[in-house]
Amino acid sequence: MKKRLLCTLALVTSLLVATTLYAADEAVFKVGVVTELSGSLATGGNVTKRGYDLWAQEVNAKGGIDIKGKKYLVKLYYADAQSNPASGAAAAERLITQEKVDFILGPYSSGVTIAVAPVVEKYKIPMITGSAESPLIWSNKFLYTFGTVPPINFTGATPIKTLSELNPAPKTAVILGSNDTFSKASAEAFKTAAEAAKIKVLKFNIVPAGQDLTPLLSAVRGLKPDLIAFGGHDEELIKLVKSLRQIDYTPKALLMHYGVTEPAFVEALGKDANQVFGASVWTNTAKTKSAILWPTAASYDAASMKAFNTPADYTQAGSSAAGIAFQVALQKIGATPGMSEAKRTELIKALEQVNIDTFYGKVKFATSGEYYHANVGMTPLTVQIQNGKTVIVGPKNIQEVPAQYPLTPWKNR
């Protein structure tokens, strides 16, 4: 963790130093970034930061964004949302009114994204979040808000389907979710998918964020569910596994969503992370090809290791892909720094027409329906931690290795 922190600080320092090298009269794209750099969601917020930083670093290393033969550097202006929706909204307004940013790369969490979206709508500033997944964002049909990670109701059914095809498949489940916008949506998606797969839901419960889960799981143990599925954020997922080990209950399958693919999950749990299932849309072994910045998922992951000494997960990758989407749209309309309102309207239309293959996969934003302005170009994946690595175990047609099932009891690890 110390090496990762030092590496991240070194990169941030280098980026800050780089900004002093811009000539006073040199035009650069001023990119606002609102994300959670402190507070309870700082771990995830700093994952998005790595993704945004890596995009800016790579673009600037190539001389900037090529607009009709002239290249423009990008400069990131960070504002800490402090893991609080109101703080995030205020931070976005400061970036727009004081820093005069051209566009915004958005928050890690869905709750903060929903608070920031009306602000960018008010000022007509385009925003792409590289992380937020709640269906509530897209059902509001914000014109100026886009997202590169598909919503949880687009991806959540896939791991349940994978589990339902195992032999013997789980017959019963307990589904829990933390009481925040994303986590509740994750739990609800798991519940809907489980019921559709004829898996009996013995208990469905939304719990206060940060609550000690041990007493609740002790009660769950009495129900003996085959599957425990939990919608929550990275630190909560780690606490869930530790609580299950503490009470010595091993279900046949343990399913989570975001956090399983984040390196901190395996780092914190060691062998206890193995065989945990998750939902994702990208891994560093994904078979992607691109002509923009990084040609493959593997090359992007190598760049992440070089910059931060940590492998990339799908949130970091989605955050870098958000920068790429802006880059492509800016080139399409020939936009230069200091865009007028009319040019920003053009940028929205160009984003709606984006249909590109990136190291992350296809980025294509829906222009109608329940996924309005969310990326619908990705294939949802079921992943599992095996021997400390994230591997794809479903759908079957793109499975890398078979799922390991049932879970090995904690005491036998």
# chains A, B, ... in the order shown; residues from 1 in each chain; ligands from 1
>>> residues_around(residues="Ala185 in chain A", least_positions_apart="4", cutoff="8 Å", atoms="only C-alpha atoms", output="list in words")
Ser134, Pro135, Ile152, Asn153, Thr181, Ala189 and Gly231 of chain A
>>> write_last_selection(atoms="C-alpha atoms", output="compact mmCIF listing (two decimals), in the first residue's frame")
# COMPACT_ATOMS: atom_id res chain seq x y z
CA SER A 134 -27.14 3.58 -10.59
CA PRO A 135 -30.18 3.37 -12.92
CA ILE A 152 -26.16 -2.04 -12.67
CA ASN A 153 -29.56 -3.12 -14.05
CA THR A 181 -27.92 4.81 -4.30
CA ALA A 189 -30.77 -6.07 -9.54
CA GLY A 231 -24.39 -4.72 -3.00
>>> closest_residue(among="A:Leu227, A:Val220, A:Val31, A:Ala321", to="Asp248 in chain A", atoms="only C-alpha atoms")
A:Val220
>>> residues_around(residues="Ala322 in chain A", least_positions_apart="4", cutoff="7 Å", atoms="only C-alpha atoms", output="MDAnalysis selection string")
chainID A and resid 128:130 148 318 326
>>> write_last_selection(atoms="C-alpha atoms", output="PDB file, in the first residue's frame")
ATOM      1  CA  ILE A 128     -18.893  11.908 -18.355  1.00  0.00           C
ATOM      2  CA  THR A 129     -18.621   9.763 -15.238  1.00  0.00           C
ATOM      3  CA  GLY A 130     -16.217   6.868 -15.539  1.00  0.00           C
ATOM      4  CA  THR A 148     -18.856   4.832 -19.616  1.00  0.00           C
ATOM      5  CA  GLY A 318     -13.854   3.212 -17.482  1.00  0.00           C
ATOM      6  CA  PHE A 326     -14.384  13.348 -24.910  1.00  0.00           C
TER       7      PHE A 326
END
>>> select_by_dssp(residues="range 114-239 of chain A", states="helix (DSSP H, G or I)", output="VMD selection string")
chain A and resid 114 to 123 135 to 139 152 to 155 157 to 164 181 to 196 214 to 221 234 to 239
>>> closest_atom_pairs(of="range 168-188 of chain A", to="range 202-208 of chain A", cutoff="6 Å", atoms="only C-alpha atoms", output="Markdown table")
| residue | atom | partner | partner_atom | distance |
| --- | --- | --- | --- | --- |
| A:Ala173 | CA | A:Leu202 | CA | 5.8 |
| A:Val174 | CA | A:Lys203 | CA | 4.8 |
| A:Ile175 | CA | A:Phe204 | CA | 4.9 |
| A:Leu176 | CA | A:Asn205 | CA | 4.9 |
| A:Gly177 | CA | A:Ile206 | CA | 4.7 |
| A:Ser178 | CA | A:Val207 | CA | 5.0 |
| A:Asn179 | CA | A:Pro208 | CA | 5.1 |
>>> closest_residue(among="A:Glu370, A:Glu235, A:Arg245, A:Pro295", to="Ala268 in chain A", atoms="only C-alpha atoms")
A:Glu235
>>> closest_atom_pairs(of="range 223-298 of chain A", to="range 33-44 of chain A", cutoff="12 Å", atoms="only C-alpha atoms", output="JSON lines")
{"residue": "A:Gly232", "atom": "CA", "partner": "A:Leu41", "partner_atom": "CA", "distance": 11.0}
{"residue": "A:His233", "atom": "CA", "partner": "A:Leu41", "partner_atom": "CA", "distance": 7.9}
{"residue": "A:Asp234", "atom": "CA", "partner": "A:Gly44", "partner_atom": "CA", "distance": 7.4}
{"residue": "A:Glu235", "atom": "CA", "partner": "A:Thr43", "partner_atom": "CA", "distance": 8.1}
{"residue": "A:Glu236", "atom": "CA", "partner": "A:Ser40", "partner_atom": "CA", "distance": 10.2}
{"residue": "A:Tyr258", "atom": "CA", "partner": "A:Gly44", "partner_atom": "CA", "distance": 9.3}
{"residue": "A:Gly259", "atom": "CA", "partner": "A:Gly44", "partner_atom": "CA", "distance": 8.4}
{"residue": "A:Val260", "atom": "CA", "partner": "A:Gly44", "partner_atom": "CA", "distance": 11.9}
{"residue": "A:Thr261", "atom": "CA", "partner": "A:Gly44", "partner_atom": "CA", "distance": 11.5}
{"residue": "A:Glu262", "atom": "CA", "partner": "A:Gly44", "partner_atom": "CA", "distance": 8.7}
{"residue": "A:Pro263", "atom": "CA", "partner": "A:Thr43", "partner_atom": "CA", "distance": 10.8}
{"residue": "A:Ala264", "atom": "CA", "partner": "A:Thr43", "partner_atom": "CA", "distance": 8.7}
{"residue": "A:Phe265", "atom": "CA", "partner": "A:Thr43", "partner_atom": "CA", "distance": 10.8}
>>> write_last_selection(atoms="N, CA and C atoms", output="short mmCIF file (atom, residue, chain, number, x, y, z; two decimals), in the first residue's frame")
data_model
loop_
_atom_site.label_atom_id
_atom_site.label_comp_id
_atom_site.auth_asym_id
_atom_site.auth_seq_id
_atom_site.Cartn_x
_atom_site.Cartn_y
_atom_site.Cartn_z
N GLY A 232 -22.54 -3.32 -2.34
CA GLY A 232 -21.86 -2.37 -1.46
C GLY A 232 -20.60 -1.85 -2.10
N HIS A 233 -19.85 -1.06 -1.35
CA HIS A 233 -18.59 -0.51 -1.84
C HIS A 233 -17.42 -1.31 -1.27
N ASP A 234 -16.23 -1.05 -1.80
CA ASP A 234 -15.06 -1.89 -1.55
C ASP A 234 -14.80 -2.22 -0.09
N GLU A 235 -14.77 -1.22 0.77
CA GLU A 235 -14.45 -1.48 2.16
C GLU A 235 -15.53 -2.33 2.84
N GLU A 236 -16.77 -2.13 2.44
CA GLU A 236 -17.86 -2.94 3.01
C GLU A 236 -17.77 -4.39 2.57
N TYR A 258 -19.12 -4.10 -7.39
CA TYR A 258 -17.87 -3.35 -7.44
C TYR A 258 -17.01 -3.62 -6.21
N GLY A 259 -15.72 -3.66 -6.40
CA GLY A 259 -14.78 -3.88 -5.31
C GLY A 259 -14.03 -5.17 -5.45
N VAL A 260 -14.67 -6.21 -5.99
CA VAL A 260 -14.01 -7.49 -6.16
C VAL A 260 -12.81 -7.37 -7.10
N THR A 261 -12.97 -6.56 -8.14
CA THR A 261 -11.89 -6.42 -9.12
C THR A 261 -10.86 -5.36 -8.73
N GLU A 262 -11.13 -4.59 -7.68
CA GLU A 262 -10.19 -3.56 -7.23
C GLU A 262 -9.04 -4.26 -6.49
N PRO A 263 -7.80 -3.99 -6.83
CA PRO A 263 -6.67 -4.68 -6.20
C PRO A 263 -6.69 -4.67 -4.68
N ALA A 264 -7.27 -3.63 -4.08
CA ALA A 264 -7.30 -3.54 -2.62
C ALA A 264 -8.09 -4.68 -1.99
N PHE A 265 -9.05 -5.25 -2.73
CA PHE A 265 -9.87 -6.35 -2.21
C PHE A 265 -9.00 -7.56 -1.92
#
